$ cat run34.txt   # compact mmCIF, C-alpha atoms
# COMPACT_ATOMS: atom_id res chain seq x y z
CA MET A 1 67.93 82.34 64.87
CA ILE A 2 70.81 82.97 67.26
CA PHE A 3 69.02 85.98 68.77
CA VAL A 4 65.78 83.99 69.16
CA PHE A 5 67.63 81.25 71.05
CA PHE A 6 69.42 83.86 73.16
CA PHE A 7 66.27 85.66 74.30
CA VAL A 8 64.35 82.42 74.88
CA SER A 9 67.20 81.38 77.18
CA LEU A 10 66.85 84.66 79.07
CA GLY A 11 63.21 83.98 79.77
CA CYS A 12 63.89 80.51 81.17
CA ALA A 13 66.85 81.28 83.45
CA GLU A 14 67.54 82.91 86.79
CA SER A 15 69.38 86.22 86.40
CA TYR A 16 71.76 88.13 88.68
CA TRP A 17 73.18 91.65 88.57
CA VAL A 18 77.00 91.40 88.54
CA ARG A 19 79.88 93.83 88.08
CA TYR A 20 82.54 91.71 86.37
CA GLY A 21 82.42 89.55 83.28
CA TRP A 22 83.07 91.84 80.30
CA GLN A 23 86.63 92.81 81.30
CA VAL A 24 87.96 91.49 78.00
CA PHE A 25 86.41 94.59 76.42
CA GLN A 26 87.40 96.94 79.25
CA SER A 27 91.08 95.93 79.27
CA ALA A 28 91.38 95.74 75.47
CA GLY A 29 92.89 98.40 73.23
CA ASP A 30 95.96 99.07 71.15
CA ALA A 31 99.34 100.16 72.49
CA ARG A 32 98.78 103.78 71.46
CA ILE A 33 95.51 104.19 73.36
CA LEU A 34 96.47 102.20 76.48
CA ALA A 35 99.77 104.11 76.76
CA LEU A 36 97.53 107.16 77.20
CA GLY A 37 95.75 105.56 80.14
CA GLY A 38 92.83 104.51 77.93
CA ALA A 39 91.52 108.10 77.94
CA ALA A 40 90.16 107.57 74.45
CA VAL A 41 86.50 108.63 74.44
CA THR A 42 87.52 111.57 72.17
CA ASP A 43 90.00 109.55 70.10
CA TYR A 44 89.58 108.67 66.43
CA GLY A 45 91.77 107.75 63.50
CA THR A 46 92.37 104.00 64.01
CA SER A 47 90.22 100.90 63.72
CA VAL A 48 90.54 100.40 67.50
CA SER A 49 89.10 103.83 68.41
CA PRO A 50 85.44 102.65 68.03
CA LEU A 51 86.02 100.26 70.94
CA PHE A 52 86.13 103.36 73.17
CA ASN A 53 83.56 105.41 71.26
CA PRO A 54 81.43 103.92 68.43
CA ALA A 55 81.10 107.42 66.96
CA ALA A 56 84.71 107.07 65.72
CA SER A 57 83.69 104.33 63.26
CA GLY A 58 83.48 106.80 60.38
CA LYS A 59 86.86 108.40 61.12
CA VAL A 60 89.34 105.56 60.56
CA GLY A 61 92.57 106.81 58.94
CA LEU A 62 95.09 105.28 56.53
CA HIS A 63 96.58 102.84 59.04
CA ASN A 64 93.28 101.01 59.25
CA VAL A 65 94.30 97.40 59.94
CA ASN A 66 95.48 97.05 63.52
CA TYR A 67 96.91 94.02 65.31
CA THR A 68 97.82 94.20 69.01
CA HIS A 69 99.35 91.60 71.29
CA GLN A 70 99.03 92.13 75.02
CA SER A 71 100.83 90.28 77.82
CA ARG A 72 99.36 90.98 81.26
CA LEU A 73 100.15 90.09 84.85
CA ALA A 74 103.74 89.02 84.20
CA GLY A 75 102.74 86.91 81.21
CA MET A 76 99.94 84.93 82.86
CA ILE A 77 97.29 86.43 80.56
CA SER A 78 97.77 86.79 76.82
CA SER A 79 95.35 88.58 74.54
CA ASP A 80 95.21 89.51 70.87
CA LEU A 81 93.17 92.15 69.08
CA LEU A 82 92.48 92.64 65.38
CA GLY A 83 90.60 95.69 64.16
CA PHE A 84 89.70 96.69 60.59
CA PRO A 85 86.97 98.54 58.66
CA ILE A 86 84.49 96.63 56.52
CA ARG A 87 84.16 98.34 53.16
CA ASN A 88 81.74 98.17 50.20
CA PHE A 89 78.78 99.24 52.33
CA SER A 90 76.81 102.49 52.16
CA ARG A 91 77.77 103.37 55.71
CA PRO A 92 81.01 102.87 57.65
CA LEU A 93 81.40 99.57 59.48
CA ASN A 94 84.25 98.62 61.77
CA LEU A 95 84.94 95.18 63.24
CA ILE A 96 87.15 94.40 66.24
CA VAL A 97 87.96 90.81 67.24
CA ILE A 98 89.40 90.16 70.71
CA HIS A 99 90.78 86.90 72.09
CA GLU A 100 92.07 86.38 75.61
CA GLY A 101 93.31 83.21 77.25
CA ILE A 102 94.71 81.93 80.53
CA ASP A 103 96.21 78.44 80.78
CA GLN A 104 97.25 76.22 83.67
CA ILE A 105 94.75 77.56 86.22
CA PRO A 106 94.98 75.19 89.23
CA ASP A 107 91.76 73.46 90.30
CA THR A 108 92.12 72.76 94.03
CA ARG A 109 88.49 71.88 94.78
CA ASN A 110 89.09 68.17 95.42
CA ILE A 111 92.61 67.97 96.81
CA LEU A 112 91.81 68.36 100.52
CA LEU A 113 91.86 65.07 102.47
CA ASP A 114 89.27 66.29 104.96
CA PHE A 115 89.60 63.40 107.42
CA GLY A 116 89.58 65.39 110.65
CA LEU A 117 92.15 65.63 113.41
CA ASP A 118 92.79 61.86 113.57
CA GLY A 119 93.62 61.65 109.84
CA VAL A 120 91.34 58.62 109.39
CA PRO A 121 88.31 58.82 107.07
CA GLY A 122 84.84 57.89 108.26
CA THR A 123 85.36 58.33 112.01
CA GLY A 124 83.31 61.50 112.30
CA ASP A 125 85.86 63.17 114.55
CA THR A 126 86.35 66.90 115.00
CA GLY A 127 87.14 68.69 111.73
CA GLU A 128 86.10 65.89 109.38
CA GLY A 129 84.22 67.21 106.34
CA ASN A 130 84.33 70.86 107.40
CA GLY A 131 86.17 72.01 104.26
CA ILE A 132 89.03 73.53 106.27
CA LEU A 133 92.66 72.40 106.32
CA ASP A 134 92.90 71.44 110.00
CA GLU A 135 95.89 70.15 111.94
CA GLY A 136 96.63 66.57 110.89
CA GLU A 137 95.00 66.93 107.46
CA ARG A 138 96.87 67.27 104.20
CA LEU A 139 96.48 67.99 100.49
CA ASP A 140 96.60 65.23 97.89
CA LYS A 141 98.69 66.64 95.05
CA SER A 142 97.73 63.74 92.78
CA LYS A 143 94.17 65.17 92.63
CA LEU A 144 95.35 68.61 91.51
CA LYS A 145 93.95 69.44 88.06
CA TYR A 146 94.33 72.38 85.72
CA PHE A 147 91.88 74.16 83.45
CA SER A 148 91.87 77.06 80.98
CA GLN A 149 89.84 80.17 80.37
CA ARG A 150 89.08 81.52 76.89
CA GLN A 151 87.18 84.65 75.89
CA LEU A 152 86.29 85.68 72.33
CA GLY A 153 84.76 89.10 71.81
CA LEU A 154 83.29 90.69 68.66
CA HIS A 155 82.63 94.43 68.39
CA LEU A 156 80.80 95.71 65.28
CA SER A 157 80.18 99.45 65.06
CA THR A 158 78.88 102.09 62.68
CA ALA A 159 78.44 105.88 62.78
CA TRP A 160 76.75 108.72 60.98
CA LYS A 161 76.97 112.49 60.99
CA LYS A 162 74.11 114.61 62.33
CA GLU A 163 74.68 118.37 62.11
CA LYS A 164 77.85 119.05 64.16
CA TYR A 165 77.93 115.66 65.82
CA GLU A 166 79.16 112.17 65.04
CA ILE A 167 76.78 109.54 66.41
CA GLY A 168 77.73 105.88 66.70
CA VAL A 169 76.38 102.54 67.87
CA ALA A 170 78.16 99.23 68.48
CA LEU A 171 76.84 95.70 68.87
CA LYS A 172 79.14 93.45 70.86
CA SER A 173 79.15 89.76 71.65
CA LEU A 174 81.20 87.66 74.05
CA TYR A 175 81.81 83.92 74.14
CA HIS A 176 83.32 82.83 77.46
CA ASN A 177 84.69 79.35 78.17
CA LEU A 178 85.76 78.57 81.74
CA GLY A 179 86.84 74.98 82.27
CA GLU A 180 83.80 72.81 81.55
CA PHE A 181 81.41 75.80 81.56
CA SER A 182 80.60 78.23 78.75
CA GLY A 183 78.48 81.32 78.28
CA THR A 184 77.40 83.68 75.50
CA GLY A 185 76.76 87.37 75.94
CA ILE A 186 75.42 90.34 74.00
CA GLY A 187 75.52 94.08 74.60
CA LEU A 188 75.06 97.49 73.00
CA ASP A 189 77.17 100.68 73.23
CA VAL A 190 76.32 104.16 71.94
CA GLY A 191 78.57 107.19 71.54
CA MET A 192 78.88 110.78 70.38
CA LEU A 193 81.75 113.02 69.25
CA ALA A 194 81.84 116.79 68.80
CA THR A 195 84.33 119.63 68.24
CA PRO A 196 83.15 122.45 70.52
CA TRP A 197 86.20 124.64 69.82
CA GLU A 198 89.20 124.70 67.51
CA ASN A 199 91.54 121.73 68.18
CA GLY A 200 89.24 120.60 70.98
CA ARG A 201 87.03 117.52 71.21
CA PHE A 202 84.21 116.31 73.40
CA GLY A 203 83.18 112.68 73.62
CA LEU A 204 80.44 110.65 75.30
CA THR A 205 80.02 106.88 75.43
CA ILE A 206 77.42 104.78 77.24
CA ARG A 207 78.57 101.18 77.49
CA ASP A 208 75.97 98.45 77.93
CA VAL A 209 73.29 101.08 77.41
CA THR A 210 70.45 98.53 77.46
CA THR A 211 72.31 96.43 80.07
CA SER A 212 74.42 93.55 78.76
CA TRP A 213 73.70 89.87 79.28
CA GLN A 214 75.78 86.73 79.70
CA VAL A 215 73.89 83.41 79.46
CA TRP A 216 75.71 80.39 80.89
CA ASP A 217 75.06 76.78 79.94
CA SER A 218 74.28 76.10 83.61
CA GLY A 219 71.14 78.22 83.22
CA THR A 220 72.46 81.29 85.04
CA VAL A 221 72.12 84.72 83.43
CA GLU A 222 74.49 87.51 84.45
CA ARG A 223 73.36 91.09 83.82
CA PHE A 224 75.63 94.14 83.65
CA LYS A 225 74.61 97.74 84.28
CA PRO A 226 75.63 100.68 82.06
CA THR A 227 78.79 102.77 82.39
CA VAL A 228 78.82 106.42 81.28
CA ILE A 229 82.14 107.77 79.99
CA THR A 230 82.69 111.40 79.05
CA GLY A 231 85.82 113.37 78.26
CA LEU A 232 87.61 116.30 76.70
CA SER A 233 90.85 116.66 74.76
CA HIS A 234 92.78 119.54 73.27
CA THR A 235 95.73 119.70 70.87
CA TYR A 236 98.29 122.49 70.93
CA ARG A 237 100.58 122.79 67.89
CA LEU A 238 103.84 124.74 68.04
CA SER A 239 104.35 127.15 65.16
CA ASN A 240 108.14 127.07 64.87
CA ILE A 241 108.72 123.29 65.07
CA PRO A 242 106.57 120.34 63.90
CA LEU A 243 105.53 119.40 67.42
CA SER A 244 102.04 118.85 68.80
CA ILE A 245 100.93 118.18 72.36
CA THR A 246 97.53 116.66 73.12
CA GLY A 247 96.09 116.42 76.61
CA MET A 248 93.03 114.32 77.35
CA GLY A 249 90.90 113.36 80.32
CA ASN A 250 87.98 110.97 80.82
CA VAL A 251 85.49 110.52 83.64
CA GLU A 252 83.67 107.19 84.07
CA LEU A 253 80.52 106.72 86.15
CA ASP A 254 79.57 103.10 86.86
CA ALA A 255 75.92 102.30 87.57
CA SER A 256 76.97 99.05 89.29
CA GLY A 257 77.82 100.97 92.47
CA ARG A 258 80.87 101.89 94.49
CA THR A 259 84.23 100.15 94.82
CA LEU A 260 87.35 100.79 96.89
CA ASP A 261 89.22 101.83 93.72
CA ASP A 262 86.86 104.71 92.89
CA ASP A 263 88.31 108.20 92.56
CA PHE A 264 85.04 109.89 93.57
CA MET A 265 81.43 109.17 94.50
CA VAL A 266 78.18 110.47 93.03
CA GLY A 267 75.41 109.32 95.33
CA LYS A 268 75.46 105.52 95.35
CA TYR A 269 77.57 105.34 92.18
CA GLY A 270 81.34 105.17 91.88
CA GLY A 271 83.45 107.18 89.46
CA ARG A 272 86.94 106.87 88.02
CA THR A 273 89.22 109.12 85.97
CA ARG A 274 91.73 108.59 83.16
CA PHE A 275 94.35 111.01 81.85
CA GLY A 276 96.70 111.01 78.87
CA LEU A 277 99.41 113.16 77.30
CA ASN A 278 100.52 112.56 73.71
CA ILE A 279 103.58 114.38 72.32
CA VAL A 280 104.13 113.94 68.57
CA TYR A 281 107.11 115.17 66.57
CA ASP A 282 106.72 115.60 62.81
CA TYR A 283 103.82 113.10 62.77
CA LYS A 284 106.42 110.32 63.02
CA ILE A 285 107.64 109.96 66.61
CA SER A 286 105.33 109.88 69.63
CA VAL A 287 105.95 109.83 73.37
CA ARG A 288 102.97 109.01 75.57
CA LEU A 289 102.10 109.11 79.26
CA GLY A 290 98.89 108.38 81.13
CA ARG A 291 96.99 107.28 84.20
CA ASN A 292 94.31 104.59 83.93
CA THR A 293 91.24 103.82 86.05
CA ILE A 294 93.11 101.69 88.60
CA GLY A 295 95.56 104.53 89.25
CA SER A 296 98.48 102.94 87.41
CA ILE A 297 100.98 104.97 85.40
CA THR A 298 101.14 104.13 81.71
CA ALA A 299 103.77 105.03 79.12
CA GLY A 300 104.65 104.27 75.53
CA ILE A 301 106.33 105.26 72.30
CA GLY A 302 105.24 105.16 68.68
CA LEU A 303 106.86 105.29 65.26
CA SER A 304 104.87 106.09 62.15
CA TRP A 305 105.65 105.87 58.44
CA GLU A 306 103.56 106.39 55.33
CA ASN A 307 101.90 102.96 55.29
CA LEU A 308 102.54 101.50 58.73
CA SER A 309 103.08 102.36 62.37
CA LEU A 310 104.55 100.56 65.36
CA ASP A 311 103.56 101.27 68.95
CA TYR A 312 104.64 100.00 72.36
CA ALA A 313 102.98 100.51 75.74
CA PHE A 314 103.94 99.72 79.31
CA VAL A 315 101.21 99.55 81.95
CA ASN A 316 102.32 99.26 85.55
CA GLU A 317 100.10 97.29 87.91
CA PRO A 318 99.08 98.85 91.26
CA SER A 319 101.95 99.18 93.75
CA GLY A 320 102.12 96.34 96.23
CA SER A 321 100.02 93.99 94.10
CA ASP A 322 103.00 91.87 92.94
CA LEU A 323 101.10 91.32 89.68
CA GLY A 324 103.93 92.37 87.39
CA ALA A 325 103.40 94.67 84.44
CA THR A 326 101.52 94.69 81.14
CA HIS A 327 103.34 95.01 77.83
CA LEU A 328 101.64 95.75 74.52
CA VAL A 329 102.91 95.86 70.96
CA SER A 330 100.73 97.12 68.09
CA LEU A 331 101.19 97.06 64.33
CA ALA A 332 98.92 99.17 62.12
CA LEU A 333 98.95 98.94 58.32
CA ASN A 334 97.34 100.64 55.35
CA SER A 335 94.97 98.08 53.79
CA ASP A 336 95.41 99.60 50.29
CA TRP A 337 99.16 99.17 50.64
CA ILE A 338 98.69 95.53 51.68
CA ARG A 339 96.37 94.90 48.73
CA GLY A 340 98.80 96.49 46.29
CA TYR A 341 101.69 94.45 47.67
CA ILE A 342 99.72 91.20 47.34
CA GLU A 343 98.73 92.01 43.76
CA LYS A 344 102.39 92.42 42.83
CA LEU A 345 103.25 88.92 44.07
$ encode --input "run34.txt" --output "structure tokens"
Amino acid sequence: MIFVFFFVSLGCAESYWVRYGWQVFQSAGDARILALGGAAVTDYGTSVSPLFNPAASGKVGLHNVNYTHQSRLAGMISSDLLGFPIRNFSRPLNLIVIHEGIDQIPDTRNILLDFGLDGVPGTGDTGEGNGILDEGERLDKSKLKYFSQRQLGLHLSTAWKKEKYEIGVALKSLYHNLGEFSGTGIGLDVGMLATPWENGRFGLTIRDVTTSWQVWDSGTVERFKPTVITGLSHTYRLSNIPLSITGMGNVELDASGRTLDDDFMVGKYGGRTRFGLNIVYDYKISVRLGRNTIGSITAGIGLSWENLSLDYAFVNEPSGSDLGATHLVSLALNSDWIRGYIEKL
């Protein structure tokens, strides 16, 4: 019934191609992955990995319940992520829930006393009603209001094995509330994983493969074009000490067109790169470095035990932006361990 209502709304509304609107999915991730610059199209092993490649849905490891808190832009934006597999089905299912909120956004639309140069309303003098703060005009702080933004995203994925490949698909939904307006969106991602050589991986993800949609209660429909992400990774393990080094790189090609932040151009499309380096000692201590798609340096550390792991990531915003930094903390647990602990209580 929900899908019927959604597609009926599409047929009755005016639609626009837009670039931004699903950032809650693009900026999401756990501390481990985002410390590596988000270069995770070849990553698997956690319940957050399918967010970057649905083909990883069937390769979730022991630490399969993941909670991540993210504080962005010097604390102005807070987001939470919960990822876990859904069991008791014939095929693997993985669910990721994302919530992001911004409070105290100033609404300045009605605070200008646009009375013109003489400062008296209704005289029709120069500057009156032009929407510009001219000399002699002022702002009425008593009319300043504040509003909030809330986004709730759901990402449900599954995967299956076909010969030497892992194939995955993810259905995602987004509920967006902005002040008095709200919108509901739906999209589809597909992905593939392969191991072309020993200790090497190849990954491919197409986000919004059928184009994604966001239907607003105002009647406007926003449409989003696909993004193709491909990448390689390789792990080198030292023989004399329990140390492994994994390097990874991703290339993203956005069908929405070029931007000033692009690393390269392919015709009329813009492309970006991500890089990550993960150094793990004895499967317990990790040091991570990366570069994300906006050119920021990322870093993090991780500690892992038998039934849980803790990860921290630091993401620096672009130099000169004065937007502060992003901090992430992730906790991953073994669901069987949690169940056993609860049964003992």
$ closest_residue --input "run34.txt" --among "A:Ala194, A:Leu81, A:Leu277, A:Ala255" --to "A:Gly290" --atoms "only C-alpha atoms"
A:Leu277
$ atom_distance --input "run34.txt" --atom1 "atom CA of A:Gly340" --atom2 "atom CA of A:Asn307"
11.5 Å
$ closest_residue --input "run34.txt" --among "A:Asn316, A:Ser71, A:Asn88, A:Thr184" --to "A:Gly21" --atoms "all atoms listed in the file"
A:Thr184
$ residues_around --input "run34.txt" --residues "stretch 60-63 of chain A" --least-positions-apart "3" --cutoff "8 Å" --atoms "all atoms listed in the file" --output "ChimeraX atom specification"
/A:44-47,56-57,66,85,307-309,332-335
$ residues_around --input "run34.txt" --residues "A:Thr195" --least-positions-apart "2" --cutoff "12 Å" --atoms "only C-alpha atoms" --output "JSON, numbers by chain"
{"A": [42, 43, 163, 164, 165, 166, 192, 193, 197, 198, 199, 200, 201, 202, 203, 231, 232, 233, 234, 235]}
$ write_last_selection --input "run34.txt" --atoms "C-alpha atoms" --output "PDB file, in the frame of the given file"
ATOM      1  CA  THR A  42      87.520 111.570  72.170  1.00  0.00           C
ATOM      2  CA  ASP A  43      90.000 109.550  70.100  1.00  0.00           C
ATOM      3  CA  GLU A 163      74.680 118.370  62.110  1.00  0.00           C
ATOM      4  CA  LYS A 164      77.850 119.050  64.160  1.00  0.00           C
ATOM      5  CA  TYR A 165      77.930 115.660  65.820  1.00  0.00           C
ATOM      6  CA  GLU A 166      79.160 112.170  65.040  1.00  0.00           C
ATOM      7  CA  MET A 192      78.880 110.780  70.380  1.00  0.00           C
ATOM      8  CA  LEU A 193      81.750 113.020  69.250  1.00  0.00           C
ATOM      9  CA  TRP A 197      86.200 124.640  69.820  1.00  0.00           C
ATOM     10  CA  GLU A 198      89.200 124.700  67.510  1.00  0.00           C
ATOM     11  CA  ASN A 199      91.540 121.730  68.180  1.00  0.00           C
ATOM     12  CA  GLY A 200      89.240 120.600  70.980  1.00  0.00           C
ATOM     13  CA  ARG A 201      87.030 117.520  71.210  1.00  0.00           C
ATOM     14  CA  PHE A 202      84.210 116.310  73.400  1.00  0.00           C
ATOM     15  CA  GLY A 203      83.180 112.680  73.620  1.00  0.00           C
ATOM     16  CA  GLY A 231      85.820 113.370  78.260  1.00  0.00           C
ATOM     17  CA  LEU A 232      87.610 116.300  76.700  1.00  0.00           C
ATOM     18  CA  SER A 233      90.850 116.660  74.760  1.00  0.00           C
ATOM     19  CA  HIS A 234      92.780 119.540  73.270  1.00  0.00           C
ATOM     20  CA  THR A 235      95.730 119.700  70.870  1.00  0.00           C
TER      21      THR A 235
END
$ atom_distance --input "run34.txt" --atom1 "atom CA of A:Gly183" --atom2 "atom CA of A:Pro106"
20.7 Å
$ closest_residue --input "run34.txt" --among "A:Asp282, A:Leu156, A:Leu238, A:Ile111" --to "A:Lys143" --atoms "only C-alpha atoms"
A:Ile111
$ closest_residue --input "run34.txt" --among "A:Thr108, A:Ser212, A:Thr259, A:Thr158" --to "A:Ser90" --atoms "all atoms listed in the file"
A:Thr158
$ atom_distance --input "run34.txt" --atom1 "atom CA of A:Ala159" --atom2 "atom CA of A:Leu93"
7.7 Å
$ residues_around --input "run34.txt" --residues "A:Pro242" --least-positions-apart "6" --cutoff "9 Å" --atoms "all atoms listed in the file" --output "list of chain:residue names"
A:Val280, A:Tyr281, A:Asp282, A:Tyr283
$ residues_around --input "run34.txt" --residues "A:Tyr20" --least-positions-apart "5" --cutoff "12 Å" --atoms "all atoms listed in the file" --output "ChimeraX atom specification"
/A:25-27,212-214,222-225,254,256
$ residues_near_point --input "run34.txt" --point "(89.1, 96.1, 66.0)" --cutoff "10 Å" --atoms "all atoms listed in the file" --output "list of chain:residue names"
A:Ala28, A:Gly29, A:Asp30, A:Thr46, A:Ser47, A:Val48, A:Ser49, A:Pro50, A:Leu51, A:Asn64, A:Val65, A:Asn66, A:Tyr67, A:Thr68, A:Leu81, A:Leu82, A:Gly83, A:Phe84, A:Pro85, A:Asn94, A:Leu95, A:Ile96, A:Val97, A:Ile98, A:Leu154, A:His155, A:Leu156, A:Ser157
$ build_atoms --input "run34.txt" --residues "stretch 245-258 of chain A" --atoms "N, CA and C atoms" --output "PDB file, keeping the file's coordinate frame"
ATOM      1  N   ILE A 245     101.141 118.727  71.031  1.00  0.00           N
ATOM      2  CA  ILE A 245     100.930 118.180  72.360  1.00  0.00           C
ATOM      3  C   ILE A 245      99.420 118.082  72.592  1.00  0.00           C
ATOM      4  N   THR A 246      98.957 116.889  72.884  1.00  0.00           N
ATOM      5  CA  THR A 246      97.530 116.660  73.120  1.00  0.00           C
ATOM      6  C   THR A 246      97.328 116.160  74.542  1.00  0.00           C
ATOM      7  N   GLY A 247      96.489 116.858  75.276  1.00  0.00           N
ATOM      8  CA  GLY A 247      96.090 116.420  76.610  1.00  0.00           C
ATOM      9  C   GLY A 247      94.661 115.940  76.589  1.00  0.00           C
ATOM     10  N   MET A 248      94.366 114.893  77.354  1.00  0.00           N
ATOM     11  CA  MET A 248      93.030 114.320  77.350  1.00  0.00           C
ATOM     12  C   MET A 248      92.660 113.820  78.739  1.00  0.00           C
ATOM     13  N   GLY A 249      91.390 113.869  79.045  1.00  0.00           N
ATOM     14  CA  GLY A 249      90.900 113.360  80.320  1.00  0.00           C
ATOM     15  C   GLY A 249      89.523 112.767  80.161  1.00  0.00           C
ATOM     16  N   ASN A 250      89.283 111.647  80.843  1.00  0.00           N
ATOM     17  CA  ASN A 250      87.980 110.970  80.820  1.00  0.00           C
ATOM     18  C   ASN A 250      87.473 110.789  82.240  1.00  0.00           C
ATOM     19  N   VAL A 251      86.168 110.815  82.376  1.00  0.00           N
ATOM     20  CA  VAL A 251      85.490 110.520  83.640  1.00  0.00           C
ATOM     21  C   VAL A 251      84.503 109.396  83.380  1.00  0.00           C
ATOM     22  N   GLU A 252      84.553 108.343  84.220  1.00  0.00           N
ATOM     23  CA  GLU A 252      83.670 107.190  84.070  1.00  0.00           C
ATOM     24  C   GLU A 252      82.777 107.074  85.302  1.00  0.00           C
ATOM     25  N   LEU A 253      81.484 106.895  85.073  1.00  0.00           N
ATOM     26  CA  LEU A 253      80.520 106.720  86.150  1.00  0.00           C
ATOM     27  C   LEU A 253      79.850 105.366  85.971  1.00  0.00           C
ATOM     28  N   ASP A 254      80.023 104.480  86.955  1.00  0.00           N
ATOM     29  CA  ASP A 254      79.570 103.100  86.860  1.00  0.00           C
ATOM     30  C   ASP A 254      78.269 102.919  87.642  1.00  0.00           C
ATOM     31  N   ALA A 255      77.218 102.489  86.928  1.00  0.00           N
ATOM     32  CA  ALA A 255      75.920 102.300  87.570  1.00  0.00           C
ATOM     33  C   ALA A 255      75.885 101.064  88.468  1.00  0.00           C
ATOM     34  N   SER A 256      76.948 100.244  88.450  1.00  0.00           N
ATOM     35  CA  SER A 256      76.970  99.050  89.290  1.00  0.00           C
ATOM     36  C   SER A 256      77.219  99.358  90.750  1.00  0.00           C
ATOM     37  N   GLY A 257      77.607 100.593  91.071  1.00  0.00           N
ATOM     38  CA  GLY A 257      77.820 100.970  92.470  1.00  0.00           C
ATOM     39  C   GLY A 257      79.259 101.301  92.769  1.00  0.00           C
ATOM     40  N   ARG A 258      79.563 101.449  94.039  1.00  0.00           N
ATOM     41  CA  ARG A 258      80.870 101.890  94.490  1.00  0.00           C
ATOM     42  C   ARG A 258      81.860 100.741  94.624  1.00  0.00           C
TER      43      ARG A 258
END
